[in-house]
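S.K.: Just so it is clear, I am handing over upload_37.txt, which has compact mmCIF, C-alpha atoms.
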# COMPACT_ATOMS: atom_id res chain seq x y z
CA MET A 1 24.27 4.97 -13.92
CA LYS A 2 25.42 8.54 -13.40
CA PRO A 3 23.49 10.19 -10.56
CA THR A 4 21.32 13.18 -11.40
CA PRO A 5 22.70 16.38 -9.83
CA GLY A 6 20.53 18.00 -7.22
CA LEU A 7 18.69 21.27 -7.70
CA ARG A 8 20.99 23.17 -5.36
CA GLY A 9 24.07 21.92 -7.19
CA GLN A 10 22.59 22.84 -10.56
CA ILE A 11 21.77 26.38 -9.39
CA ILE A 12 25.23 26.89 -7.87
CA ARG A 13 26.91 25.50 -10.97
CA SER A 14 24.83 27.63 -13.37
CA LEU A 15 25.39 30.84 -11.39
CA ALA A 16 29.08 30.09 -11.05
CA VAL A 17 29.44 29.50 -14.79
CA MET A 18 27.50 32.70 -15.54
CA THR A 19 29.63 34.74 -13.11
CA LEU A 20 32.88 33.37 -14.48
CA GLY A 21 31.68 34.00 -18.02
CA ILE A 22 30.87 37.64 -17.29
CA ILE A 23 34.19 38.15 -15.47
CA PHE A 24 36.04 36.55 -18.36
CA LEU A 25 34.15 38.76 -20.82
CA ALA A 26 34.85 41.92 -18.82
CA VAL A 27 38.53 41.25 -18.08
CA PHE A 28 39.81 39.29 -21.05
CA GLY A 29 37.51 41.13 -23.43
CA SER A 30 38.82 44.48 -22.18
CA TYR A 31 42.42 43.36 -22.80
CA VAL A 32 41.51 42.32 -26.33
CA PHE A 33 39.56 45.53 -26.95
CA TYR A 34 42.35 47.85 -25.82
CA ALA A 35 44.96 45.78 -27.64
CA ILE A 36 43.06 46.21 -30.91
CA ALA A 37 42.17 49.83 -30.20
CA VAL A 38 45.75 50.83 -29.36
CA THR A 39 47.06 49.06 -32.48
CA TYR A 40 44.55 50.19 -35.06
CA ILE A 41 42.67 53.23 -33.67
CA PRO A 42 44.87 54.77 -30.98
CA ASN A 43 43.01 58.09 -31.13
CA SER A 44 39.83 56.36 -29.90
CA ILE A 45 41.27 55.81 -26.41
CA SER A 46 40.24 58.46 -23.92
CA GLU A 47 42.95 59.93 -21.72
CA THR A 48 40.44 61.17 -19.13
CA TRP A 49 37.97 59.40 -16.83
CA ILE A 50 35.19 60.04 -19.36
CA PRO A 51 34.97 57.11 -21.85
CA SER A 52 35.30 57.86 -25.51
CA ARG A 53 32.60 56.96 -28.06
CA VAL A 54 34.35 53.69 -29.00
CA GLU A 55 34.80 52.79 -25.34
CA MET A 56 31.09 53.50 -24.70
CA ILE A 57 30.21 51.17 -27.55
CA TRP A 58 32.42 48.47 -26.03
CA ILE A 59 30.90 48.97 -22.57
CA GLY A 60 27.40 48.80 -24.07
CA CYS A 61 28.22 45.61 -25.98
CA THR A 62 29.72 44.07 -22.85
CA VAL A 63 26.59 44.89 -20.83
CA ILE A 64 24.33 43.48 -23.55
CA VAL A 65 26.31 40.24 -23.77
CA ALA A 66 26.37 39.92 -19.95
CA LEU A 67 22.62 40.47 -19.80
CA ALA A 68 22.13 37.91 -22.56
CA MET A 69 24.17 35.37 -20.61
CA ALA A 70 22.21 36.08 -17.41
CA LEU A 71 18.91 35.84 -19.30
CA LEU A 72 19.90 32.53 -20.87
CA VAL A 73 20.84 31.06 -17.50
CA ALA A 74 17.63 32.40 -15.91
CA ILE A 75 15.45 30.93 -18.68
CA ARG A 76 17.13 27.53 -18.44
CA LEU A 77 16.87 27.44 -14.64
CA SER A 78 13.27 28.67 -14.58
CA ARG A 79 12.31 26.08 -17.18
CA ARG A 80 13.90 23.29 -15.21
CA ILE A 81 12.34 24.47 -11.93
CA LEU A 82 8.99 26.03 -12.82
CA THR A 83 7.84 23.68 -15.61
CA PRO A 84 7.62 20.58 -13.38
CA LEU A 85 6.25 22.68 -10.49
CA ASN A 86 3.51 24.10 -12.72
CA SER A 87 2.75 20.59 -13.97
CA VAL A 88 2.43 19.31 -10.40
CA ALA A 89 0.28 22.31 -9.41
CA HIS A 90 -2.04 21.77 -12.39
CA SER A 91 -2.34 18.04 -11.73
CA LEU A 92 -2.92 18.74 -8.02
CA ARG A 93 -5.89 20.97 -8.88
CA GLU A 94 -7.22 18.25 -11.18
CA VAL A 95 -6.93 15.63 -8.42
CA ALA A 96 -8.60 17.99 -5.92
CA GLN A 97 -11.53 18.30 -8.34
CA GLY A 98 -11.89 14.52 -8.50
CA ASN A 99 -9.88 13.68 -11.62
CA LEU A 100 -7.69 10.96 -10.16
CA ASP A 101 -6.33 10.04 -13.60
CA SER A 102 -4.37 13.29 -13.78
CA ARG A 103 -0.58 12.94 -13.69
CA ALA A 104 2.23 15.48 -13.70
CA ILE A 105 4.36 15.49 -16.85
CA MET A 106 8.02 14.68 -16.41
CA ASP A 107 9.83 17.29 -18.52
CA GLN A 108 13.13 16.13 -20.01
CA GLN A 109 14.79 19.18 -18.50
CA ALA A 110 13.52 18.44 -14.98
CA MET A 111 16.34 17.80 -12.56
CA GLY A 112 17.12 16.79 -9.02
CA GLU A 113 14.45 17.64 -6.48
CA THR A 114 11.92 18.86 -9.05
CA ALA A 115 12.12 15.58 -10.96
CA GLN A 116 11.75 13.69 -7.69
CA LEU A 117 8.75 15.87 -6.81
CA VAL A 118 7.04 14.89 -10.07
CA ARG A 119 7.74 11.19 -9.45
CA ASP A 120 6.51 11.40 -5.85
CA PHE A 121 3.35 13.24 -6.87
CA ASN A 122 2.55 10.68 -9.56
CA THR A 123 3.17 7.85 -7.09
CA MET A 124 0.86 9.54 -4.58
CA ALA A 125 -1.84 10.05 -7.24
CA GLU A 126 -1.60 6.40 -8.29
CA ARG A 127 -1.83 5.30 -4.67
CA LEU A 128 -4.83 7.55 -4.08
CA GLN A 129 -6.52 6.15 -7.19
CA ASP A 130 -5.81 2.59 -6.04
CA MET A 131 -7.24 3.36 -2.59
CA THR A 132 -10.37 4.83 -4.16
CA ARG A 133 -10.83 1.77 -6.32
CA GLU A 134 -10.23 -0.46 -3.30
CA ARG A 135 -12.83 1.46 -1.30
CA GLU A 136 -15.36 1.12 -4.12
CA PHE A 137 -14.58 -2.60 -4.30
CA TRP A 138 -15.04 -2.95 -0.54
CA ASN A 139 -18.34 -1.08 -0.58
CA ALA A 140 -19.68 -3.29 -3.36
CA ALA A 141 -18.38 -6.46 -1.69
CA ILE A 142 -19.84 -5.56 1.72
CA ALA A 143 -23.19 -4.72 0.12
CA HIS A 144 -23.11 -8.08 -1.66
CA GLU A 145 -22.31 -9.98 1.52
CA LEU A 146 -25.03 -8.19 3.49
CA ARG A 147 -27.71 -8.51 0.84
CA THR A 148 -28.30 -12.28 1.14
CA PRO A 149 -28.79 -12.60 4.93
CA VAL A 150 -30.79 -9.37 5.12
CA THR A 151 -33.05 -10.55 2.29
CA ILE A 152 -33.58 -13.89 4.02
CA LEU A 153 -34.33 -12.22 7.35
CA ARG A 154 -36.75 -9.80 5.73
CA GLY A 155 -38.55 -12.57 3.84
CA ARG A 156 -38.88 -14.82 6.89
CA LEU A 157 -40.01 -12.02 9.20
CA GLN A 158 -42.47 -10.68 6.65
CA GLY A 159 -43.84 -14.20 6.17
CA LEU A 160 -44.27 -14.60 9.93
CA ALA A 161 -45.95 -11.21 10.24
CA GLU A 162 -48.38 -11.97 7.42
CA GLY A 163 -49.11 -15.48 8.61
CA VAL A 164 -47.50 -17.19 5.60
CA PHE A 165 -45.18 -19.15 7.90
CA THR A 166 -46.24 -20.88 11.05
CA PRO A 167 -43.90 -19.99 13.92
CA SER A 168 -41.68 -22.95 14.73
CA SER A 169 -38.33 -23.69 16.32
CA GLU A 170 -36.85 -24.48 12.88
CA ILE A 171 -37.76 -21.05 11.53
CA PHE A 172 -36.38 -19.28 14.58
CA ASP A 173 -33.20 -21.37 14.44
CA GLY A 174 -32.77 -20.30 10.81
CA LEU A 175 -33.25 -16.66 11.75
CA LEU A 176 -30.67 -16.99 14.54
CA ARG A 177 -28.18 -18.54 12.12
CA GLN A 178 -28.58 -15.60 9.75
CA ILE A 179 -28.12 -13.16 12.62
CA GLU A 180 -25.02 -15.05 13.78
CA GLY A 181 -23.67 -14.85 10.24
CA LEU A 182 -24.25 -11.09 10.19
CA ASN A 183 -22.60 -10.78 13.59
CA GLY A 184 -19.58 -12.72 12.32
CA LEU A 185 -19.33 -10.50 9.25
CA ILE A 186 -19.50 -7.37 11.40
CA GLU A 187 -16.80 -8.72 13.73
CA ASP A 188 -14.54 -9.56 10.79
CA LEU A 189 -15.00 -6.07 9.36
CA ARG A 190 -14.27 -4.58 12.79
CA VAL A 191 -11.02 -6.54 13.10
CA LEU A 192 -9.87 -5.45 9.64
CA SER A 193 -10.79 -1.82 10.32
CA LEU A 194 -8.90 -1.85 13.62
CA THR A 195 -5.91 -3.39 11.88
CA ASP A 196 -5.89 -0.75 9.13
CA SER A 197 -6.05 2.03 11.72
CA GLY A 198 -3.40 0.40 13.92
CA HIS A 199 -5.78 -0.04 16.87
CA LEU A 200 -6.29 -3.81 16.98
CA GLU A 201 -6.04 -4.65 20.67
CA LEU A 202 -4.13 -7.71 21.82
CA GLN A 203 -4.29 -9.13 25.32
CA LEU A 204 -0.93 -10.87 25.40
CA VAL A 205 -0.46 -13.47 28.13
CA GLU A 206 1.48 -16.70 28.43
CA VAL A 207 -0.87 -19.64 27.85
CA PRO A 208 -0.64 -23.39 27.14
CA LEU A 209 -1.68 -22.87 23.53
CA ALA A 210 -2.09 -26.59 22.79
CA GLU A 211 -5.03 -26.69 25.19
CA GLU A 212 -6.64 -23.67 23.53
CA ILE A 213 -6.24 -25.24 20.09
CA SER A 214 -7.61 -28.58 21.29
CA SER A 215 -10.76 -26.84 22.52
CA VAL A 216 -11.30 -25.24 19.10
CA ILE A 217 -10.74 -28.55 17.31
CA GLU A 218 -13.17 -30.28 19.67
CA ALA A 219 -15.82 -27.67 18.89
CA PHE A 220 -15.37 -28.22 15.14
CA THR A 221 -15.06 -32.00 15.24
CA ALA A 222 -18.75 -32.81 14.78
CA THR A 223 -19.20 -30.35 11.90
CA LEU A 224 -16.05 -31.46 10.09
CA THR A 225 -16.76 -35.16 10.65
CA ALA A 226 -20.20 -34.72 9.14
CA LYS A 227 -18.50 -33.30 6.03
CA GLY A 228 -16.22 -36.34 5.79
CA PHE A 229 -13.08 -34.94 7.38
CA THR A 230 -10.80 -36.79 9.76
CA LEU A 231 -9.06 -34.48 12.21
CA ARG A 232 -5.48 -35.15 13.24
CA GLN A 233 -3.63 -33.17 15.88
CA GLU A 234 0.13 -32.78 16.18
CA LEU A 235 0.43 -30.39 19.09
CA ASP A 236 3.33 -29.77 21.41
CA PRO A 237 1.66 -29.83 24.86
CA THR A 238 4.70 -28.32 26.59
CA LEU A 239 4.56 -25.01 24.72
CA GLN A 240 3.83 -21.96 26.83
CA VAL A 241 3.12 -19.29 24.23
CA TYR A 242 2.97 -15.55 24.77
CA CYS A 243 -0.01 -14.47 22.66
CA ASP A 244 -3.62 -13.32 22.62
CA ALA A 245 -5.27 -16.74 22.97
CA LEU A 246 -8.71 -15.42 21.97
CA ARG A 247 -7.37 -14.02 18.70
CA ILE A 248 -5.34 -17.14 17.93
CA ARG A 249 -8.47 -19.25 18.47
CA GLN A 250 -10.33 -16.88 16.15
CA ALA A 251 -7.66 -17.35 13.47
CA LEU A 252 -7.73 -21.14 13.82
CA MET A 253 -11.54 -21.20 13.60
CA ALA A 254 -11.33 -19.20 10.37
CA LEU A 255 -8.85 -21.70 8.92
CA LEU A 256 -10.99 -24.69 9.93
CA GLU A 257 -14.10 -23.03 8.53
CA ASN A 258 -12.23 -22.31 5.31
CA ALA A 259 -11.25 -25.98 5.08
CA ARG A 260 -14.83 -27.08 5.77
CA GLN A 261 -16.16 -24.93 2.94
CA HIS A 262 -13.50 -25.41 0.28
CA ALA A 263 -11.29 -28.43 0.95
CA GLU A 264 -12.06 -31.96 -0.20
CA PRO A 265 -13.06 -34.41 2.55
CA GLY A 266 -10.04 -36.22 3.92
CA VAL A 267 -7.46 -35.89 6.66
CA LEU A 268 -7.20 -32.41 8.13
CA THR A 269 -4.01 -31.96 10.15
CA VAL A 270 -3.48 -29.22 12.73
CA ARG A 271 0.09 -28.73 13.95
CA LEU A 272 1.60 -26.56 16.67
CA PHE A 273 5.33 -26.43 17.26
CA SER A 274 8.20 -24.08 17.93
CA SER A 275 11.14 -23.54 15.63
CA GLY A 276 13.87 -21.40 17.06
CA ALA A 277 12.31 -18.09 18.12
CA LEU A 278 9.10 -18.72 16.16
CA ILE A 279 5.82 -20.35 17.10
CA THR A 280 4.14 -22.06 14.15
CA LEU A 281 0.51 -23.12 13.80
CA SER A 282 -0.54 -24.83 10.57
CA VAL A 283 -3.62 -26.44 9.02
CA GLU A 284 -3.07 -28.92 6.20
CA ASP A 285 -5.74 -30.40 3.94
CA GLU A 286 -5.62 -33.00 1.15
CA GLY A 287 -7.01 -30.95 -1.73
CA PRO A 288 -7.90 -29.57 -4.12
CA GLY A 289 -5.08 -27.11 -3.54
CA ILE A 290 -4.76 -23.45 -4.52
CA ALA A 291 -3.38 -22.16 -7.81
CA GLU A 292 0.02 -20.51 -7.51
CA GLU A 293 -1.26 -17.16 -8.76
CA ALA A 294 -4.21 -17.28 -6.35
CA ALA A 295 -1.86 -17.89 -3.41
CA THR A 296 -0.48 -14.35 -3.84
CA TYR A 297 -3.82 -12.73 -2.92
CA ILE A 298 -5.63 -15.47 -0.99
CA PHE A 299 -5.24 -13.52 2.29
CA GLU A 300 -6.74 -10.33 0.86
CA ALA A 301 -10.27 -9.37 1.87
CA PHE A 302 -13.09 -10.55 -0.39
CA ARG A 303 -10.65 -12.54 -2.54
CA ARG A 304 -11.29 -16.24 -3.03
CA GLY A 305 -9.07 -18.90 -4.48
CA GLU A 306 -11.60 -19.24 -7.31
CA PRO A 307 -13.01 -15.81 -8.25
CA SER A 308 -15.91 -17.49 -10.06
CA ARG A 309 -17.08 -19.18 -6.89
CA SER A 310 -20.52 -17.93 -5.98
CA ARG A 311 -21.94 -16.92 -2.65
CA LYS A 312 -23.52 -20.37 -2.19
CA SER A 313 -20.05 -21.77 -1.49
CA GLY A 314 -20.30 -20.10 1.88
CA GLY A 315 -18.06 -17.63 3.64
CA SER A 316 -17.80 -13.89 3.37
CA GLY A 317 -14.36 -13.74 1.83
CA LEU A 318 -13.04 -12.11 5.00
CA GLY A 319 -11.89 -15.12 7.02
CA LEU A 320 -8.35 -15.40 5.68
CA ALA A 321 -7.91 -11.62 5.74
CA VAL A 322 -8.79 -11.69 9.43
CA VAL A 323 -6.28 -14.51 9.97
CA LYS A 324 -3.55 -12.43 8.35
CA ALA A 325 -4.49 -9.35 10.38
CA ILE A 326 -4.36 -11.25 13.67
CA ILE A 327 -1.00 -12.87 12.97
CA GLU A 328 0.57 -9.66 11.71
CA ALA A 329 -0.64 -7.94 14.88
CA HIS A 330 1.44 -10.55 16.73
CA GLY A 331 4.44 -9.56 14.62
CA GLY A 332 4.27 -12.68 12.46
CA GLN A 333 3.11 -13.64 8.99
CA ALA A 334 0.52 -15.88 7.37
CA ARG A 335 1.22 -17.81 4.19
CA CYS A 336 -0.02 -20.79 2.26
CA GLN A 337 1.90 -23.38 0.30
CA PRO A 338 1.20 -26.70 -1.43
CA SER A 339 1.08 -29.66 0.91
CA GLY A 340 2.75 -32.98 0.27
CA CYS A 341 -0.60 -34.72 -0.18
CA GLY A 342 -1.96 -32.57 -3.01
CA GLY A 343 -3.71 -29.98 -0.86
CA THR A 344 -2.76 -26.73 0.84
CA THR A 345 -1.02 -25.92 4.09
CA PHE A 346 -1.89 -22.65 5.79
CA ILE A 347 0.99 -21.61 8.02
CA LEU A 348 0.84 -19.02 10.80
CA SER A 349 4.10 -18.09 12.49
CA TRP A 350 4.93 -15.36 15.01
CA PRO A 351 7.72 -14.56 17.49
CA ALA A 352 7.63 -16.62 20.65
CA SER A 353 8.05 -13.43 22.69
CA GLY A 354 4.90 -11.87 21.21
CA ARG A 355 4.58 -8.13 20.66
CA ALA A 356 3.82 -6.44 23.91
CA GLU A 357 3.94 -3.01 22.26
CA ASN A 358 0.68 -3.79 20.46
CA THR A 359 -1.31 -4.13 23.66
CA GLN A 360 -3.39 -1.20 24.75
Output the file's structure in the form of C-alpha cells.
M.R.:
Amino acid sequence: MKPTPGLRGQIIRSLAVMTLGIIFLAVFGSYVFYAIAVTYIPNSISETWIPSRVEMIWIGCTVIVALAMALLVAIRLSRRILTPLNSVAHSLREVAQGNLDSRAIMDQQAMGETAQLVRDFNTMAERLQDMTREREFWNAAIAHELRTPVTILRGRLQGLAEGVFTPSSEIFDGLLRQIEGLNGLIEDLRVLSLTDSGHLELQLVEVPLAEEISSVIEAFTATLTAKGFTLRQELDPTLQVYCDALRIRQALMALLENARQHAEPGVLTVRLFSSGALITLSVEDEGPGIAEEAATYIFEAFRRGEPSRSRKSGGSGLGLAVVKAIIEAHGGQARCQPSGCGGTTFILSWPASGRAENTQ
C-alpha cells in the first residue's frame, strides 16, 4: 500500500508546482509571445521601456493566469486542510455539549496529518463513549449489588426496632454476615479503583508462599467440604517467592470462593510451582467449565460466566476482577482454560522477582 504523503510534503509540493508553473508561464510564454509578435505584428513591439498596448495585454493575461493558478492551489490546499479541521472542531463542540455520538467526517481529500487528526479524534470520541457506557454500567451494577444487603439490613433493623423480631444471636449473626459482605464489596471496589488509578500498593517481601497458601486452604476446608468438595494441594514447599503475601492470599480466597459458588462438587486442586522465571498458582475444578466466549471477559468486573445467573448464586461479580488486578500489579497475568477433567483451571502467573517499582 502506497503511503499517504504528509501535510508538509503536500504543501511543499503544491507550492513548488505552482511556482514552477508561473515561472514557466512567464519565461516560456514570453518567448512564444515575442516570437509570434515579431513574426506577425512587428510594429506592436515597443522599443522603449514603456510596454506597448499588445505587451500590456500579454502582461495582464500572464498575471491573470498566474493568479488563477495560485487561487486553484490555495483552494485545493485549504479544502484539504480546513475541511477536516472544521469537521473536527464541529464534532468537538458537539462532544463538549454531551453528544458523544458525534464523529468527524473523513473527507476524501483529507491528507497526511489532517486525516490522522480525524481518525485520532474519532478514536478518542469512541473511547470516551465506551468509558461513559462503562461508568453507567458500573453505577447500575454497584447499585444492584448494594441493594440486597442494604434492604436486608434495613428490614431486620426495622423489625428489631418495632418489636417484630425478638433479639437473638441468630439475627445478629445474620446482620454481621450482611455487614461483612458489604465490607468485602467495598474492599473489592477499593482495590479496582486503586488499580485503575495506578495506586494499588504492594508490600513485596520474600515469603514461603506454600505456607501462606496452606493457611488459606485450611480456612476454606470446612466450608468447601460441606459443599462436597475434596481439596488437594500440590505445593512446592521450597519456594521463596517475592510478592505481597496478603494480596496473593486475597486472590486465592477469591478463586476458592468462586469455585464454592459456581463449580460442581468434586476434587478441587490448588497448585504452586515455578517455571523458569515465573511463579504459577492455579486452582482447578471438575466442572461445569466455562464457555469459550465467556472466558474472554470472565475477569472483567460484574461479568459472570453465565450472564443470566441471578444474584442468589452469590458473589458480587468483582472477585475475579480483583484477582486480575492483584496479579497484574505483580507484573503477571491471570487466565482461565479448560481443565483435563471437564472443568476450569484458573492460572495466576507472575515474575519470580516481583515488581518492586509498584511498592509505595
S.K.: Could you tell me how far CA of Val267 (chain A) sits from CA of Arg232 (chain A), in Å to one decimal place?
M.R.: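 Interatomic distance here is 6.9 Å.
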S.K.: Work out how far CA of Pro265 (chain A) is from CA of Gly228 (chain A), in Å to one decimal.
M.R.: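 If I compute the distance from CA of Gly228 (chain A) to CA of Pro265 (chain A), I get 4.9 Å.
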S.K.: What does the distance between CA of Val205 (chain A) and CA of Tyr242 (chain A) come to in Å, to one decimal place?
M.R.: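 Going from CA of Val205 (chain A) over to CA of Tyr242 (chain A), I get 5.2 Å.
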S.K.: Using all atoms listed in the file for the distances, tell me which of A:Gly332, A:Leu255, A:Ala74, A:Asp101 is nearest to Met124 (chain A).
M.R.: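 Among the listed residues, A:Asp101 lies closest to Met124 (chain A).
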S.K.: Draw an axis-aligned box over all listed atoms of region 76-80 of chain A, pad each side with 8 Å, and write its centre and edge lengths in Å, one decimal, as lines of an AutoDock Vina configuration file.
M.R.:
center_x = 14.7
center_y = 26.0
center_z = -16.5
size_x = 20.8
size_y = 21.4
size_z = 19.9
S.K.: Set out as JSON lines a contact list for region 260-305 of chain A and region 215-221 of chain A with a cut-off of 12 Å, giving each residue of region 260-305 of chain A that qualifies its closest atom pair and distance in Å to one decimal, counting only C-alpha atoms, ordered by chain and rising residue number.
M.R.:
{"residue": "A:Arg260", "atom": "CA", "partner": "A:Phe220", "partner_atom": "CA", "distance": 9.5}
{"residue": "A:Leu268", "atom": "CA", "partner": "A:Ile217", "partner_atom": "CA", "distance": 10.6}
{"residue": "A:Thr269", "atom": "CA", "partner": "A:Ile217", "partner_atom": "CA", "distance": 10.4}
{"residue": "A:Val270", "atom": "CA", "partner": "A:Ile217", "partner_atom": "CA", "distance": 8.6}
{"residue": "A:Arg271", "atom": "CA", "partner": "A:Ile217", "partner_atom": "CA", "distance": 11.3}
{"residue": "A:Val283", "atom": "CA", "partner": "A:Ile217", "partner_atom": "CA", "distance": 11.1}
S.K.: For Ala325 (chain A), which residue among A:Gln233, A:Gly198, A:Glu206, A:Ala104 is the nearest when counting all atoms listed in the file?
M.R.: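 Closest residue, counting all atoms listed in the file: A:Gly198.
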S.K.: Using only C-alpha atoms, determine which residues lie at most 9 Å from region 174-177 of chain A, disregarding the query and same-chain residues fewer than 6 positions distant; provide the list as a list of chain:residue names.
M.R.: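 The filter keeps A:Ile152, A:Leu153, A:Arg156, A:Leu157.
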S.K.: Emit the selected residues as a PDB file, in the frame of the given file, including C-alpha atoms.
M.R.:
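Here's the written file out.pdb:
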ATOM      1  CA  ILE A 152     -33.580 -13.890   4.020  1.00  0.00           C
ATOM      2  CA  LEU A 153     -34.330 -12.220   7.350  1.00  0.00           C
ATOM      3  CA  ARG A 156     -38.880 -14.820   6.890  1.00  0.00           C
ATOM      4  CA  LEU A 157     -40.010 -12.020   9.200  1.00  0.00           C
TER       5      LEU A 157
END
S.K.: Contacts of region 339-344 of chain A at 10 Å or less, counting all atoms listed in the file, minus same-chain residues fewer than 6 places along, as a PDB file with C-alpha atoms, in the frame of the given file?
M.R.:
ATOM      1  CA  ALA A 259     -11.250 -25.980   5.080  1.00  0.00           C
ATOM      2  CA  ALA A 263     -11.290 -28.430   0.950  1.00  0.00           C
ATOM      3  CA  GLU A 264     -12.060 -31.960  -0.200  1.00  0.00           C
ATOM      4  CA  VAL A 267      -7.460 -35.890   6.660  1.00  0.00           C
ATOM      5  CA  LEU A 268      -7.200 -32.410   8.130  1.00  0.00           C
ATOM      6  CA  VAL A 283      -3.620 -26.440   9.020  1.00  0.00           C
ATOM      7  CA  GLU A 284      -3.070 -28.920   6.200  1.00  0.00           C
ATOM      8  CA  ASP A 285      -5.740 -30.400   3.940  1.00  0.00           C
ATOM      9  CA  GLU A 286      -5.620 -33.000   1.150  1.00  0.00           C
ATOM     10  CA  GLY A 287      -7.010 -30.950  -1.730  1.00  0.00           C
ATOM     11  CA  PRO A 288      -7.900 -29.570  -4.120  1.00  0.00           C
ATOM     12  CA  GLY A 289      -5.080 -27.110  -3.540  1.00  0.00           C
ATOM     13  CA  ILE A 290      -4.760 -23.450  -4.520  1.00  0.00           C
ATOM     14  CA  ALA A 291      -3.380 -22.160  -7.810  1.00  0.00           C
ATOM     15  CA  ALA A 295      -1.860 -17.890  -3.410  1.00  0.00           C
TER      16      ALA A 295
END
S.K.: Please determine, counting all atoms listed in the file, which residue among A:Ile59, A:Ala321, A:Ala301, A:Leu82 has the shortest atom-to-atom distance to Ala334 (chain A).
M.R.: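 Looking only at the distances to Ala334 (chain A), the closest residue turns out to be A:Ala321.
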S.K.: Listing only residues of region 104-221 of chain A within 10 Å of region 272-280 of chain A, what is the closest atom pair and its distance in Å (to one decimal) for each, using all atoms listed in the file, sorted by chain and residue number ascending, as CSV?
M.R.:
residue,atom,partner,partner_atom,distance
A:Leu209,CA,A:Leu272,CA,8.5
A:Ala210,CA,A:Leu272,CA,7.1
A:Ile213,CA,A:Leu272,CA,8.7
S.K.: Nearest to Thr83 (chain A) among A:Ile186, A:Gly266, A:Leu204, A:Met106, with distances taken over only C-alpha atoms: which residue is it?
M.R.: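 Going through A:Ile186, A:Gly266, A:Leu204, A:Met106 one by one, the smallest distance to Thr83 (chain A) is for A:Met106.
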S.K.: So, counting all atoms listed in the file, which residue among A:Ile248, A:Val207, A:Ile105, A:Leu20 is closest to Ala329 (chain A)?
M.R.: A:Ile248
S.K.: Measuring atom to atom with all atoms listed in the file, identify which of A:Gln337, A:Ser52, A:Gln261, A:Thr62 is nearest to Gly21 (chain A).
M.R.: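 Looking only at the distances to Gly21 (chain A), the closest residue turns out to be A:Thr62.
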S.K.: Show me that you can extract region 242-253 of chain A, keeping N, CA, C and O atoms, and write it as an mmCIF file, in the first residue's frame.
M.R.:
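Generated file (selection-v5.cif):
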data_model
loop_
_atom_site.group_PDB
_atom_site.id
_atom_site.type_symbol
_atom_site.label_atom_id
_atom_site.label_comp_id
_atom_site.auth_asym_id
_atom_site.auth_seq_id
_atom_site.Cartn_x
_atom_site.Cartn_y
_atom_site.Cartn_z
ATOM 1 N N TYR A 242 8.971 -13.739 46.018
ATOM 2 C CA TYR A 242 8.965 -12.298 46.259
ATOM 3 C C TYR A 242 7.619 -11.752 45.809
ATOM 4 O O TYR A 242 7.349 -11.640 44.618
ATOM 5 N N CYS A 243 6.749 -11.428 46.777
ATOM 6 C CA CYS A 243 5.398 -10.984 46.427
ATOM 7 C C CYS A 243 4.773 -10.291 47.628
ATOM 8 O O CYS A 243 5.369 -10.216 48.703
ATOM 9 N N ASP A 244 3.561 -9.787 47.420
ATOM 10 C CA ASP A 244 2.748 -9.272 48.521
ATOM 11 C C ASP A 244 1.874 -10.437 48.985
ATOM 12 O O ASP A 244 0.856 -10.749 48.357
ATOM 13 N N ALA A 245 2.263 -11.090 50.043
ATOM 14 C CA ALA A 245 1.584 -12.314 50.503
ATOM 15 C C ALA A 245 0.118 -12.051 50.827
ATOM 16 O O ALA A 245 -0.753 -12.892 50.541
ATOM 17 N N LEU A 246 -0.190 -10.871 51.395
ATOM 18 C CA LEU A 246 -1.576 -10.559 51.742
ATOM 19 C C LEU A 246 -2.443 -10.511 50.488
ATOM 20 O O LEU A 246 -3.558 -11.051 50.464
ATOM 21 N N ARG A 247 -1.928 -9.886 49.439
ATOM 22 C CA ARG A 247 -2.697 -9.769 48.198
ATOM 23 C C ARG A 247 -2.824 -11.122 47.491
ATOM 24 O O ARG A 247 -3.873 -11.435 46.915
ATOM 25 N N ILE A 248 -1.772 -11.926 47.536
ATOM 26 C CA ILE A 248 -1.853 -13.255 46.917
ATOM 27 C C ILE A 248 -2.878 -14.115 47.652
ATOM 28 O O ILE A 248 -3.656 -14.852 47.027
ATOM 29 N N ARG A 249 -2.907 -14.010 48.988
ATOM 30 C CA ARG A 249 -3.927 -14.740 49.749
ATOM 31 C C ARG A 249 -5.322 -14.248 49.364
ATOM 32 O O ARG A 249 -6.269 -15.038 49.234
ATOM 33 N N GLN A 250 -5.444 -12.945 49.192
ATOM 34 C CA GLN A 250 -6.733 -12.373 48.796
ATOM 35 C C GLN A 250 -7.176 -12.923 47.437
ATOM 36 O O GLN A 250 -8.346 -13.265 47.236
ATOM 37 N N ALA A 251 -6.235 -13.029 46.494
ATOM 38 C CA ALA A 251 -6.558 -13.570 45.174
ATOM 39 C C ALA A 251 -6.964 -15.035 45.264
ATOM 40 O O ALA A 251 -7.934 -15.469 44.627
ATOM 41 N N LEU A 252 -6.233 -15.810 46.066
ATOM 42 C CA LEU A 252 -6.564 -17.235 46.210
ATOM 43 C C LEU A 252 -7.931 -17.408 46.877
ATOM 44 O O LEU A 252 -8.725 -18.275 46.474
ATOM 45 N N MET A 253 -8.230 -16.597 47.876
ATOM 46 C CA MET A 253 -9.543 -16.687 48.528
ATOM 47 C C MET A 253 -10.663 -16.398 47.540
ATOM 48 O O MET A 253 -11.719 -17.042 47.568
#
